[in-house]
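Okay, so here's the structure we're looking at.
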Amino acid sequence: MSNVKVTEATGPLRGLLVIEICSTIAGPACTRLMGDFGADVIKIEPPEGDPVRQMGQHVDDVSLYAASLLRNKKSVVLDLKNTEDLRVAKSMIASADILVENNRPGVMERLGLGYEELSKSNPGLVMVRISGFGQTGPYAPRPGYGAICEAVGGVRHMTGDPDRPPARVALATTDYLTSTYAAFGALAALREKDKTGLGQVVDVALYETAFTQLEPIVPAYEKHGTVPKREGANLPRMAPNSLYPTKDGSYILIAANSNPTCERLMQAMDRLDLMQVPEFANIRARGEPANARALDQIIADWTRQYLCNELAEMLEDAGVPNTRVYTIADIYQDPHFLERNMLVKVPHPKIGHTTQMGVVPRLSRTPGSIRHTGHELGQDTANLLAAFKSSK
């Protein structure tokens with residue numbers, strides 16, 4: 001497990017000033033990504049702080065989630081309903097390259113922080129607007145958390161076992177995917193700004209982010225009227241790709257999606273003859289639901305004869321993608337996570353350190369870094385306001 005020291009900003013986004021007016025997950029995750037790659041992120045928080053400071057597990061009064069999600073950012077407390085604080089926020093934004101906000105549509109306009117107003121003093125501003133349903137359309141005024149937008153975007157219907165109600169992923173999956181789209185949109189807008197000098201609005205909706213995961217389902221419904229059902233452990237219209245039982249009462253995940261990989265699996269099973277059966281001979285045939293069920297049963301009968309570790313070794317030797325299902329405890333002991341610095345000890349002023357996930361993605365020449373843990377609420381207010389006033 002690697003350690004980090006507090007350092008100056010490095011990375012390809014060094015020199016960019018990002019103002020964050022966000023709460024909870026998608027917006028802060030977007031700016032955390034920018035901060036990891038060197039952007040100077042100033043998080044404007046209300047006097048009560050971002051609710052994420054109360055989320056997740058704590059050590060004493062320290063939110064372990066906030067320590068990670070708010071890393072590489074400065075925290076400034078401003079009450080945007082206060083005239084003077086609002087003036088200060090506007091002045092900061094006037095100097096910014098990017099503003100990221102995830103309030104309900106209309107809130108920023110009511111505060112006088114709409115793009116039309118802000119771009120008067122900063123025409124190059126890129127304003128990233130993250131919301132449940134976007135800035136336009138009949139659903140725009142609705143509040144929308146990730147779980148709500150997963151349901152609207154069709155993801156919830158596809159999640160879980162076919163004989164049970166739709167399940168949810170116990171993670172903020174749509175929020176994090178949205179944060180990635182938002183960061184990509186911001187950098188695309190900056191690329192355009194390099195050519196024209198003009199900024200623009202990046203409108204990112206959580207329900208649309210969720211919906212993008214249905215890419216193969218959209219044209220299939222229009223042409224065939226297909227409404228897919230929940231598949232449980234299986235990957236829809238792809239086999240073999242599922243969890244299979246083992247002799248020791250565990251499960252192994254096997255993903256033999258391509259024809260060559262499937263052939264290697266059949267060879268490991270001593271059942272190359274199955275590749276000559278029309279129902280299993282190619283990807284399309286194996287993906288038919290009845291054929292997939294039949295093939296999964298054959299594979300399950302084989303995996304039940306071996307311990308999970310035995311199967312993993314056999315399949316690894318055969319070049320077939322496989323794994324047991326990891327828990328976080330497994331991850332902490334896994335040599336690959338450790339070798340690639342995905343578990344990083346970050347100093348913390350109150351609790352010694354927190355272990356945080358490493359920086360993703362990896363750049364060969366200008367990599368990102370973790371410079372410091374999430375700051376205390378308002379920790380940087382005095383210094384930044386003094387610096388801001390002295391620069392005027």
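How things are named: the first chain in the structure tokens is A, the next is B, and so on; residues count from 1 in each chain; ligands count from 1 in the order shown.
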
Each stretch 129-173 of chain A residue no farther than 6 Å from stretch 226-234 of chain A, nearest pair in Å, only C-alpha atoms, as CSV:
```
residue,atom,partner,partner_atom,distance
A:Met158,CA,A:Arg230,CA,4.7
A:Thr159,CA,A:Arg230,CA,5.9
A:Gly160,CA,A:Gly232,CA,5.0
A:Asp161,CA,A:Gly232,CA,4.0
A:Pro162,CA,A:Arg230,CA,4.7
```

Q) Quick one: residues within 10 Å of A:Glu263, only C-alpha atoms counted, chain neighbours fewer than 5 positions away excluded, as a PyMOL selection string? A) chain A and resi 256+258+268-269+271-275+281-282+318+320

Q. In Å to one decimal, how far is atom CA of A:Ala172 from atom CA of A:Ile21?
A. 19.5 Å

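Close contacts of A:Gly358, defined as residues with an atom at most 8 Å away when counting only C-alpha atoms, with chain neighbours fewer than 6 positions off set aside, comprise Asn341, Met342, Leu343, Val344 and Ile370 of chain A.
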
Sel. of helix (DSSP H, G or I) residues, stretch 180-380 of chain A, as a compact mmCIF listing (two decimals) with N, CA, C and O atoms, in the first residue's frame:
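Saved the output as result00.txt:
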```
# COMPACT_ATOMS: atom_id res chain seq x y z
N THR A 180 -18.01 11.33 -14.98
CA THR A 180 -17.04 11.13 -16.06
C THR A 180 -17.50 11.81 -17.35
O THR A 180 -16.71 12.46 -18.04
N TYR A 181 -18.78 11.65 -17.68
CA TYR A 181 -19.32 12.38 -18.84
C TYR A 181 -19.16 13.88 -18.65
O TYR A 181 -18.82 14.61 -19.61
N ALA A 182 -19.40 14.37 -17.45
CA ALA A 182 -19.32 15.80 -17.18
C ALA A 182 -17.89 16.30 -17.36
O ALA A 182 -17.66 17.36 -17.96
N ALA A 183 -16.93 15.56 -16.84
CA ALA A 183 -15.53 15.96 -16.99
C ALA A 183 -15.12 15.92 -18.46
O ALA A 183 -14.41 16.82 -18.94
N PHE A 184 -15.57 14.89 -19.19
CA PHE A 184 -15.26 14.82 -20.62
C PHE A 184 -15.87 16.02 -21.35
O PHE A 184 -15.21 16.64 -22.20
N GLY A 185 -17.11 16.34 -21.02
CA GLY A 185 -17.76 17.49 -21.66
C GLY A 185 -17.04 18.79 -21.38
O GLY A 185 -16.89 19.64 -22.28
N ALA A 186 -16.56 18.95 -20.15
CA ALA A 186 -15.84 20.16 -19.79
C ALA A 186 -14.55 20.29 -20.60
O ALA A 186 -14.23 21.37 -21.12
N LEU A 187 -13.82 19.19 -20.73
CA LEU A 187 -12.56 19.25 -21.47
C LEU A 187 -12.80 19.42 -22.97
O LEU A 187 -12.01 20.09 -23.66
N ALA A 188 -13.90 18.84 -23.48
CA ALA A 188 -14.24 19.07 -24.88
C ALA A 188 -14.57 20.55 -25.11
O ALA A 188 -14.16 21.15 -26.12
N ALA A 189 -15.28 21.16 -24.16
CA ALA A 189 -15.62 22.58 -24.28
C ALA A 189 -14.36 23.45 -24.19
O ALA A 189 -14.25 24.47 -24.88
N LEU A 190 -13.40 23.06 -23.35
CA LEU A 190 -12.14 23.80 -23.27
C LEU A 190 -11.36 23.71 -24.57
O LEU A 190 -10.70 24.66 -25.00
N ARG A 191 -11.43 22.54 -25.20
CA ARG A 191 -10.76 22.36 -26.49
C ARG A 191 -11.35 23.32 -27.53
O ARG A 191 -10.62 23.97 -28.30
N GLU A 192 -12.67 23.46 -27.51
CA GLU A 192 -13.33 24.40 -28.41
C GLU A 192 -12.98 25.85 -28.05
O GLU A 192 -12.78 26.69 -28.94
N LYS A 193 -12.88 26.12 -26.75
CA LYS A 193 -12.51 27.46 -26.31
C LYS A 193 -11.12 27.85 -26.82
O LYS A 193 -10.86 29.01 -27.13
N ASP A 194 -10.21 26.87 -26.91
CA ASP A 194 -8.88 27.14 -27.44
C ASP A 194 -8.94 27.70 -28.85
O ASP A 194 -8.07 28.48 -29.27
N LYS A 195 -9.98 27.34 -29.60
CA LYS A 195 -10.10 27.78 -30.99
C LYS A 195 -10.84 29.10 -31.11
O LYS A 195 -10.55 29.90 -31.99
N THR A 196 -11.84 29.32 -30.23
CA THR A 196 -12.73 30.47 -30.39
C THR A 196 -12.63 31.50 -29.26
O THR A 196 -13.08 32.64 -29.44
N LEU A 206 -28.47 12.98 -15.28
CA LEU A 206 -28.23 11.64 -14.74
C LEU A 206 -29.05 10.58 -15.47
O LEU A 206 -28.56 9.48 -15.74
N TYR A 207 -30.31 10.89 -15.82
CA TYR A 207 -31.13 9.88 -16.48
C TYR A 207 -30.57 9.53 -17.85
O TYR A 207 -30.66 8.38 -18.31
N GLU A 208 -29.97 10.53 -18.54
CA GLU A 208 -29.38 10.27 -19.85
C GLU A 208 -28.11 9.45 -19.72
O GLU A 208 -27.82 8.58 -20.56
N THR A 209 -27.33 9.73 -18.69
CA THR A 209 -26.15 8.91 -18.43
C THR A 209 -26.55 7.45 -18.22
O THR A 209 -25.95 6.53 -18.79
N ALA A 210 -27.56 7.24 -17.39
CA ALA A 210 -28.05 5.87 -17.18
C ALA A 210 -28.51 5.26 -18.49
O ALA A 210 -28.19 4.11 -18.81
N PHE A 211 -29.25 6.04 -19.28
CA PHE A 211 -29.81 5.55 -20.53
C PHE A 211 -28.75 5.12 -21.53
O PHE A 211 -28.95 4.19 -22.32
N THR A 212 -27.58 5.78 -21.52
CA THR A 212 -26.54 5.43 -22.49
C THR A 212 -26.08 3.99 -22.35
O THR A 212 -25.52 3.42 -23.30
N GLN A 213 -26.31 3.38 -21.19
CA GLN A 213 -25.90 1.99 -21.00
C GLN A 213 -26.80 1.02 -21.75
O GLN A 213 -26.49 -0.17 -21.87
N LEU A 214 -27.93 1.52 -22.27
CA LEU A 214 -28.86 0.68 -23.02
C LEU A 214 -28.58 0.72 -24.52
O LEU A 214 -29.45 0.44 -25.34
N ILE A 217 -29.86 -1.98 -26.71
CA ILE A 217 -31.28 -2.25 -26.52
C ILE A 217 -32.15 -1.29 -27.31
O ILE A 217 -33.23 -1.65 -27.78
N VAL A 218 -31.65 -0.06 -27.51
CA VAL A 218 -32.45 0.97 -28.17
C VAL A 218 -32.83 0.58 -29.60
O VAL A 218 -34.03 0.55 -29.95
N PRO A 219 -31.89 0.25 -30.48
CA PRO A 219 -32.30 -0.11 -31.85
C PRO A 219 -33.06 -1.41 -31.92
O PRO A 219 -33.91 -1.60 -32.80
N ALA A 220 -32.78 -2.33 -30.99
CA ALA A 220 -33.49 -3.61 -31.00
C ALA A 220 -34.97 -3.44 -30.69
O ALA A 220 -35.82 -4.13 -31.27
N TYR A 221 -35.29 -2.50 -29.80
CA TYR A 221 -36.71 -2.28 -29.51
C TYR A 221 -37.43 -1.68 -30.71
O TYR A 221 -38.54 -2.09 -31.05
N GLU A 222 -36.77 -0.73 -31.38
CA GLU A 222 -37.41 -0.07 -32.52
C GLU A 222 -37.67 -1.06 -33.66
O GLU A 222 -38.71 -1.01 -34.32
N LYS A 223 -36.74 -1.98 -33.89
CA LYS A 223 -36.88 -2.91 -35.00
C LYS A 223 -37.69 -4.16 -34.65
O LYS A 223 -38.38 -4.72 -35.50
N HIS A 224 -37.58 -4.62 -33.40
CA HIS A 224 -38.19 -5.90 -33.03
C HIS A 224 -39.19 -5.81 -31.88
O HIS A 224 -39.83 -6.81 -31.55
N ASN A 259 -15.48 -16.18 -29.84
CA ASN A 259 -15.39 -17.57 -30.32
C ASN A 259 -14.07 -18.23 -29.91
O ASN A 259 -14.08 -19.36 -29.42
N PRO A 260 -12.91 -17.58 -30.09
CA PRO A 260 -11.66 -18.23 -29.66
C PRO A 260 -11.64 -18.51 -28.15
O PRO A 260 -11.15 -19.57 -27.73
N THR A 261 -12.16 -17.59 -27.35
CA THR A 261 -12.16 -17.80 -25.90
C THR A 261 -13.09 -18.94 -25.52
O THR A 261 -12.77 -19.77 -24.67
N CYS A 262 -14.24 -18.98 -26.17
CA CYS A 262 -15.18 -20.06 -25.90
C CYS A 262 -14.57 -21.40 -26.30
O CYS A 262 -14.73 -22.41 -25.58
N GLU A 263 -13.85 -21.42 -27.38
CA GLU A 263 -13.20 -22.66 -27.81
C GLU A 263 -12.16 -23.10 -26.78
O GLU A 263 -12.04 -24.30 -26.49
N ARG A 264 -11.42 -22.16 -26.21
CA ARG A 264 -10.45 -22.52 -25.18
C ARG A 264 -11.13 -23.07 -23.93
O ARG A 264 -10.62 -23.99 -23.29
N LEU A 265 -12.29 -22.50 -23.59
CA LEU A 265 -13.05 -23.04 -22.46
C LEU A 265 -13.50 -24.46 -22.74
O LEU A 265 -13.37 -25.36 -21.89
N MET A 266 -14.04 -24.68 -23.95
CA MET A 266 -14.50 -26.03 -24.30
C MET A 266 -13.34 -27.03 -24.27
O MET A 266 -13.50 -28.18 -23.86
N GLN A 267 -12.17 -26.58 -24.68
CA GLN A 267 -11.00 -27.47 -24.65
C GLN A 267 -10.62 -27.80 -23.21
O GLN A 267 -10.28 -28.95 -22.90
N ALA A 268 -10.67 -26.81 -22.33
CA ALA A 268 -10.37 -27.06 -20.91
C ALA A 268 -11.36 -28.04 -20.31
O ALA A 268 -11.03 -28.84 -19.43
N LEU A 272 -14.66 -30.01 -26.79
CA LEU A 272 -14.56 -29.28 -28.04
C LEU A 272 -15.67 -29.65 -29.02
O LEU A 272 -15.99 -28.87 -29.94
N ASP A 273 -16.27 -30.78 -28.81
CA ASP A 273 -17.38 -31.20 -29.68
C ASP A 273 -18.54 -30.20 -29.64
O ASP A 273 -19.29 -30.09 -30.62
N LEU A 274 -18.67 -29.48 -28.54
CA LEU A 274 -19.79 -28.53 -28.43
C LEU A 274 -19.67 -27.40 -29.44
O LEU A 274 -20.69 -26.80 -29.83
N MET A 275 -18.45 -27.10 -29.88
CA MET A 275 -18.27 -26.03 -30.85
C MET A 275 -18.81 -26.42 -32.22
O MET A 275 -18.96 -25.56 -33.09
N GLN A 276 -19.10 -27.70 -32.42
CA GLN A 276 -19.68 -28.16 -33.68
C GLN A 276 -21.20 -28.21 -33.64
O GLN A 276 -21.85 -28.44 -34.66
N PRO A 278 -24.70 -26.64 -33.71
CA PRO A 278 -25.16 -25.37 -34.29
C PRO A 278 -25.60 -24.35 -33.24
O PRO A 278 -25.36 -23.14 -33.41
N GLU A 279 -26.21 -24.81 -32.14
CA GLU A 279 -26.70 -23.89 -31.11
C GLU A 279 -25.58 -23.19 -30.35
O GLU A 279 -25.80 -22.18 -29.70
N PHE A 280 -24.36 -23.75 -30.42
CA PHE A 280 -23.24 -23.20 -29.66
C PHE A 280 -22.07 -22.76 -30.55
O PHE A 280 -21.02 -22.36 -30.05
N ILE A 283 -21.15 -16.72 -31.66
CA ILE A 283 -21.63 -15.79 -30.64
C ILE A 283 -23.14 -15.59 -30.72
O ILE A 283 -23.84 -15.62 -29.71
N ARG A 284 -23.63 -15.39 -31.92
CA ARG A 284 -25.06 -15.11 -32.07
C ARG A 284 -25.90 -16.30 -31.63
O ARG A 284 -26.90 -16.12 -30.93
N ALA A 285 -25.48 -17.49 -32.01
CA ALA A 285 -26.25 -18.67 -31.63
C ALA A 285 -26.22 -18.88 -30.12
O ALA A 285 -27.26 -19.15 -29.50
N ARG A 286 -25.04 -18.73 -29.52
CA ARG A 286 -24.94 -18.93 -28.08
C ARG A 286 -25.74 -17.89 -27.30
O ARG A 286 -26.15 -18.12 -26.17
N GLY A 287 -25.94 -16.71 -27.91
CA GLY A 287 -26.67 -15.65 -27.23
C GLY A 287 -28.17 -15.84 -27.20
O GLY A 287 -28.86 -15.16 -26.43
N PRO A 289 -31.51 -17.01 -25.90
CA PRO A 289 -31.77 -17.35 -24.49
C PRO A 289 -31.83 -18.84 -24.20
O PRO A 289 -31.22 -19.31 -23.24
N ALA A 290 -32.53 -19.61 -25.01
CA ALA A 290 -32.64 -21.05 -24.75
C ALA A 290 -31.28 -21.74 -24.89
O ALA A 290 -30.93 -22.62 -24.10
N ASN A 291 -30.50 -21.32 -25.90
CA ASN A 291 -29.18 -21.92 -26.10
C ASN A 291 -28.24 -21.54 -24.95
O ASN A 291 -27.44 -22.37 -24.49
N ALA A 292 -28.34 -20.29 -24.51
CA ALA A 292 -27.49 -19.85 -23.40
C ALA A 292 -27.79 -20.64 -22.13
O ALA A 292 -26.87 -21.06 -21.42
N ARG A 293 -29.06 -20.87 -21.87
CA ARG A 293 -29.43 -21.65 -20.67
C ARG A 293 -28.90 -23.07 -20.76
O ARG A 293 -28.38 -23.63 -19.78
N ALA A 294 -28.99 -23.65 -21.94
CA ALA A 294 -28.51 -25.02 -22.11
C ALA A 294 -26.99 -25.10 -21.93
O ALA A 294 -26.48 -26.00 -21.26
N LEU A 295 -26.28 -24.15 -22.50
CA LEU A 295 -24.83 -24.14 -22.38
C LEU A 295 -24.40 -23.88 -20.94
O LEU A 295 -23.46 -24.51 -20.44
N ASP A 296 -25.09 -22.95 -20.27
CA ASP A 296 -24.76 -22.67 -18.88
C ASP A 296 -24.93 -23.91 -18.00
O ASP A 296 -24.15 -24.14 -17.08
N GLN A 297 -25.92 -24.71 -18.29
CA GLN A 297 -26.14 -25.93 -17.50
C GLN A 297 -25.00 -26.93 -17.71
O GLN A 297 -24.52 -27.56 -16.76
N ILE A 298 -24.54 -27.05 -18.94
CA ILE A 298 -23.42 -27.95 -19.22
C ILE A 298 -22.16 -27.50 -18.48
O ILE A 298 -21.44 -28.29 -17.88
N ILE A 299 -21.92 -26.18 -18.52
CA ILE A 299 -20.73 -25.65 -17.84
C ILE A 299 -20.86 -25.80 -16.34
O ILE A 299 -19.89 -26.16 -15.65
N ALA A 300 -22.05 -25.55 -15.79
CA ALA A 300 -22.26 -25.69 -14.35
C ALA A 300 -22.02 -27.13 -13.89
O ALA A 300 -21.45 -27.36 -12.82
N ASP A 301 -22.45 -28.09 -14.68
CA ASP A 301 -22.20 -29.51 -14.33
C ASP A 301 -20.70 -29.80 -14.27
O ASP A 301 -20.25 -30.63 -13.47
N TRP A 302 -19.95 -29.12 -15.11
CA TRP A 302 -18.48 -29.31 -15.10
C TRP A 302 -17.85 -28.60 -13.92
O TRP A 302 -17.01 -29.18 -13.21
N THR A 303 -18.22 -27.33 -13.65
CA THR A 303 -17.56 -26.57 -12.58
C THR A 303 -17.84 -27.17 -11.20
O THR A 303 -17.02 -27.03 -10.30
N CYS A 308 -13.11 -23.93 -6.27
CA CYS A 308 -13.03 -22.64 -6.96
C CYS A 308 -11.58 -22.31 -7.35
O CYS A 308 -11.31 -21.89 -8.47
N ASN A 309 -10.64 -22.52 -6.43
CA ASN A 309 -9.24 -22.21 -6.73
C ASN A 309 -8.68 -23.11 -7.83
O ASN A 309 -7.87 -22.67 -8.65
N GLU A 310 -9.11 -24.37 -7.83
CA GLU A 310 -8.67 -25.29 -8.87
C GLU A 310 -9.15 -24.81 -10.24
O GLU A 310 -8.40 -24.81 -11.22
N LEU A 311 -10.42 -24.42 -10.29
CA LEU A 311 -10.98 -23.93 -11.55
C LEU A 311 -10.26 -22.68 -12.04
O LEU A 311 -9.95 -22.55 -13.23
N ALA A 312 -10.01 -21.78 -11.10
CA ALA A 312 -9.33 -20.54 -11.47
C ALA A 312 -7.98 -20.82 -12.11
O ALA A 312 -7.61 -20.21 -13.12
N GLU A 313 -7.24 -21.76 -11.54
CA GLU A 313 -5.93 -22.11 -12.09
C GLU A 313 -6.05 -22.77 -13.45
O GLU A 313 -5.30 -22.45 -14.39
N MET A 314 -7.00 -23.68 -13.60
CA MET A 314 -7.21 -24.35 -14.88
C MET A 314 -7.59 -23.35 -15.98
O MET A 314 -7.06 -23.40 -17.10
N LEU A 315 -8.50 -22.46 -15.64
CA LEU A 315 -8.97 -21.51 -16.64
C LEU A 315 -7.92 -20.47 -16.96
O LEU A 315 -7.81 -20.01 -18.11
N GLU A 316 -7.14 -20.07 -15.96
CA GLU A 316 -6.04 -19.14 -16.22
C GLU A 316 -5.04 -19.76 -17.19
O GLU A 316 -4.58 -19.11 -18.14
N ASP A 317 -4.70 -21.03 -16.96
CA ASP A 317 -3.77 -21.73 -17.85
C ASP A 317 -4.33 -21.84 -19.27
O ASP A 317 -3.57 -21.81 -20.25
N ALA A 318 -5.65 -21.93 -19.36
CA ALA A 318 -6.29 -22.07 -20.67
C ALA A 318 -6.53 -20.72 -21.35
O ALA A 318 -6.97 -20.69 -22.51
N ILE A 328 -14.35 -6.26 -0.52
CA ILE A 328 -13.34 -5.24 -0.25
C ILE A 328 -12.18 -5.84 0.55
O ILE A 328 -11.03 -5.43 0.38
N ALA A 329 -12.47 -6.84 1.38
CA ALA A 329 -11.39 -7.50 2.12
C ALA A 329 -10.44 -8.21 1.17
O ALA A 329 -9.21 -8.19 1.36
N ASP A 330 -10.98 -8.82 0.12
CA ASP A 330 -10.13 -9.46 -0.89
C ASP A 330 -9.26 -8.42 -1.60
O ASP A 330 -8.08 -8.66 -1.87
N ILE A 331 -9.86 -7.27 -1.91
CA ILE A 331 -9.14 -6.23 -2.63
C ILE A 331 -7.94 -5.74 -1.83
O ILE A 331 -6.85 -5.52 -2.37
N TYR A 332 -8.13 -5.59 -0.53
CA TYR A 332 -7.02 -5.12 0.32
C TYR A 332 -5.85 -6.10 0.33
O TYR A 332 -4.72 -5.70 0.62
N GLN A 333 -6.10 -7.36 0.03
CA GLN A 333 -5.03 -8.36 0.05
C GLN A 333 -4.52 -8.70 -1.34
O GLN A 333 -3.57 -9.47 -1.48
N PRO A 335 -2.53 -8.61 -4.74
CA PRO A 335 -1.25 -8.02 -5.15
C PRO A 335 -1.38 -7.08 -6.34
O PRO A 335 -0.57 -6.15 -6.49
N HIS A 336 -2.37 -7.28 -7.20
CA HIS A 336 -2.49 -6.43 -8.38
C HIS A 336 -2.95 -5.03 -7.98
O HIS A 336 -2.40 -4.02 -8.49
N PHE A 337 -3.94 -4.94 -7.10
CA PHE A 337 -4.37 -3.63 -6.61
C PHE A 337 -3.20 -2.90 -5.94
O PHE A 337 -3.03 -1.69 -6.12
N LEU A 338 -2.42 -3.64 -5.17
CA LEU A 338 -1.31 -3.04 -4.45
C LEU A 338 -0.21 -2.58 -5.40
O LEU A 338 0.32 -1.47 -5.28
N GLU A 339 0.12 -3.42 -6.37
CA GLU A 339 1.19 -3.09 -7.31
C GLU A 339 0.86 -1.84 -8.12
O GLU A 339 1.73 -1.02 -8.43
```

Q) Contacts of stretch 126-134 of chain A at 7 Å or less, counting only C-alpha atoms, minus same-chain residues fewer than 4 places along, as a PyMOL selection string? A) chain A and resi 27+97-104+139-140+143-145+149+182+186+189+199-207

For the residues in the current selection, export N, CA, C and O atoms as a compact mmCIF listing (two decimals), in the first residue's frame.
```
# COMPACT_ATOMS: atom_id res chain seq x y z
N GLY A 27 -21.49 15.83 -8.92
CA GLY A 27 -20.69 17.04 -9.11
C GLY A 27 -19.35 16.98 -8.40
O GLY A 27 -18.31 17.22 -9.02
N ASP A 97 -11.91 29.05 -15.06
CA ASP A 97 -12.02 28.38 -16.36
C ASP A 97 -13.28 27.54 -16.44
O ASP A 97 -13.93 27.47 -17.48
N ILE A 98 -13.61 26.87 -15.33
CA ILE A 98 -14.74 25.95 -15.29
C ILE A 98 -15.54 26.20 -14.02
O ILE A 98 -14.97 26.37 -12.94
N LEU A 99 -16.85 26.20 -14.15
CA LEU A 99 -17.77 26.19 -13.01
C LEU A 99 -18.59 24.91 -13.10
O LEU A 99 -19.17 24.62 -14.14
N VAL A 100 -18.61 24.13 -12.01
CA VAL A 100 -19.40 22.91 -11.97
C VAL A 100 -20.47 23.08 -10.90
O VAL A 100 -20.16 23.41 -9.75
N GLU A 101 -21.73 22.88 -11.29
CA GLU A 101 -22.84 22.98 -10.33
C GLU A 101 -23.82 21.85 -10.57
O GLU A 101 -23.99 21.38 -11.70
N ASN A 102 -24.45 21.40 -9.49
CA ASN A 102 -25.46 20.35 -9.65
C ASN A 102 -26.72 20.64 -8.86
O ASN A 102 -27.33 19.75 -8.27
N ASN A 103 -27.13 21.91 -8.90
CA ASN A 103 -28.39 22.31 -8.28
C ASN A 103 -29.56 22.00 -9.21
O ASN A 103 -29.37 21.76 -10.41
N ARG A 104 -30.75 22.03 -8.66
CA ARG A 104 -31.91 21.83 -9.52
C ARG A 104 -32.01 22.99 -10.51
O ARG A 104 -31.71 24.14 -10.16
N TYR A 139 -39.45 17.35 -17.66
CA TYR A 139 -39.01 16.80 -16.37
C TYR A 139 -37.91 17.63 -15.71
O TYR A 139 -37.47 17.32 -14.61
N ALA A 140 -37.44 18.68 -16.39
CA ALA A 140 -36.30 19.45 -15.88
C ALA A 140 -36.48 19.91 -14.43
O ALA A 140 -35.52 19.85 -13.65
N PRO A 143 -36.65 16.93 -8.98
CA PRO A 143 -35.42 16.49 -8.32
C PRO A 143 -35.09 15.08 -8.78
O PRO A 143 -35.99 14.30 -9.10
N GLY A 144 -33.82 14.75 -8.85
CA GLY A 144 -33.48 13.41 -9.34
C GLY A 144 -32.16 12.91 -8.83
O GLY A 144 -31.11 13.38 -9.27
N TYR A 145 -32.20 11.99 -7.90
CA TYR A 145 -30.98 11.31 -7.47
C TYR A 145 -30.66 10.18 -8.44
O TYR A 145 -31.47 9.81 -9.29
N CYS A 149 -33.00 8.24 -11.34
CA CYS A 149 -32.67 8.37 -12.76
C CYS A 149 -32.30 7.03 -13.39
O CYS A 149 -32.49 6.83 -14.60
N ALA A 182 -19.40 14.37 -17.45
CA ALA A 182 -19.32 15.80 -17.18
C ALA A 182 -17.89 16.30 -17.36
O ALA A 182 -17.66 17.36 -17.96
N ALA A 186 -16.56 18.95 -20.15
CA ALA A 186 -15.84 20.16 -19.79
C ALA A 186 -14.55 20.29 -20.60
O ALA A 186 -14.23 21.37 -21.12
N ALA A 189 -15.28 21.16 -24.16
CA ALA A 189 -15.62 22.58 -24.28
C ALA A 189 -14.36 23.45 -24.19
O ALA A 189 -14.25 24.47 -24.88
N GLY A 199 -16.58 30.21 -24.10
CA GLY A 199 -17.04 29.08 -23.31
C GLY A 199 -18.44 28.65 -23.74
O GLY A 199 -18.99 29.15 -24.72
N GLN A 200 -19.03 27.75 -22.96
CA GLN A 200 -20.37 27.27 -23.24
C GLN A 200 -20.88 26.47 -22.05
O GLN A 200 -20.15 26.22 -21.09
N VAL A 201 -22.13 26.04 -22.14
CA VAL A 201 -22.75 25.24 -21.09
C VAL A 201 -22.65 23.76 -21.47
O VAL A 201 -22.91 23.38 -22.60
N VAL A 202 -22.25 22.94 -20.50
CA VAL A 202 -22.24 21.48 -20.64
C VAL A 202 -23.39 20.96 -19.79
O VAL A 202 -23.35 21.03 -18.57
N ASP A 203 -24.42 20.46 -20.43
CA ASP A 203 -25.66 20.02 -19.77
C ASP A 203 -25.61 18.49 -19.63
O ASP A 203 -25.68 17.78 -20.63
N VAL A 204 -25.49 18.00 -18.42
CA VAL A 204 -25.34 16.56 -18.17
C VAL A 204 -26.48 16.10 -17.26
O VAL A 204 -26.63 16.60 -16.14
N ALA A 205 -27.28 15.18 -17.74
CA ALA A 205 -28.43 14.68 -17.00
C ALA A 205 -28.19 13.24 -16.54
O ALA A 205 -27.77 12.40 -17.33
N LEU A 206 -28.47 12.98 -15.28
CA LEU A 206 -28.23 11.64 -14.74
C LEU A 206 -29.05 10.58 -15.47
O LEU A 206 -28.56 9.48 -15.74
N TYR A 207 -30.31 10.89 -15.82
CA TYR A 207 -31.13 9.88 -16.48
C TYR A 207 -30.57 9.53 -17.85
O TYR A 207 -30.66 8.38 -18.31
```

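Among the candidates A:Met238, A:Ala29, A:Met108, A:Leu70, the one nearest to A:Lys90 when counting only C-alpha atoms is A:Met108.
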
Q: Extract, using only C-alpha atoms, all DNA, RNA and protein residues at most 9 Å from A:Asp380, discarding same-chain residues fewer than 2 positions from it, and format them as a list in words.
A: Ile42, Lys74, Ser75, Val76, Val77, His375, Glu376, Leu377, Gly378, Ala382, Asn383, Leu384 and Leu385 of chain A

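Interatomic distance, atom CA of A:Ser369 to atom CA of A:Asp334: 21.8 Å.
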
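Running DSSP on the backbone and keeping only strand (DSSP E), the residues of stretch 43-134 of chain A that qualify are A:Lys43, A:Ile44, A:Glu45, A:His58, A:Val59, A:Val62, A:Ser63, A:Lys73, A:Lys74, A:Ser75, A:Val76, A:Val77, A:Ile98, A:Leu99, A:Val100, A:Glu101, A:Val126, A:Met127, A:Val128, A:Arg129, A:Ile130, A:Ser131.
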
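Candidate residues A:Ala239, A:Pro28, A:Ile252, A:Phe37 were compared for distance to A:Leu363, and the nearest is A:Phe37, using only C-alpha atoms.
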
(Q) When you look at A:Ala96 with a cut-off of 7 Å (counting only C-alpha atoms), what residues show up, excluding the ones that are within fewer than 4 positions of it in the same chain? I need them as a PyMOL selection string. (A) chain A and resi 17-19+92+125

**Q.** Nearby residues (only C-alpha atoms) at most 6 Å from A:Pro46, same-chain spacing under 3 positions excluded, as a list in words
**A.** Gly49, Val77, Leu78 and Asp79 of chain A

Q. Quick one: of A:Asp85, A:Thr174, A:Gln57, A:Tyr65, who's nearest to A:Gly153, counting only C-alpha atoms?
A. A:Thr174

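Using only C-alpha atoms for every distance, the candidate list A:Glu215, A:Leu118, A:Thr327, A:Glu150 yields A:Glu150 as the residue closest to A:Ala167.
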
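Between atom CA of A:Met55 and atom CA of A:Asp36 the interatomic distance comes to 21.5 Å.
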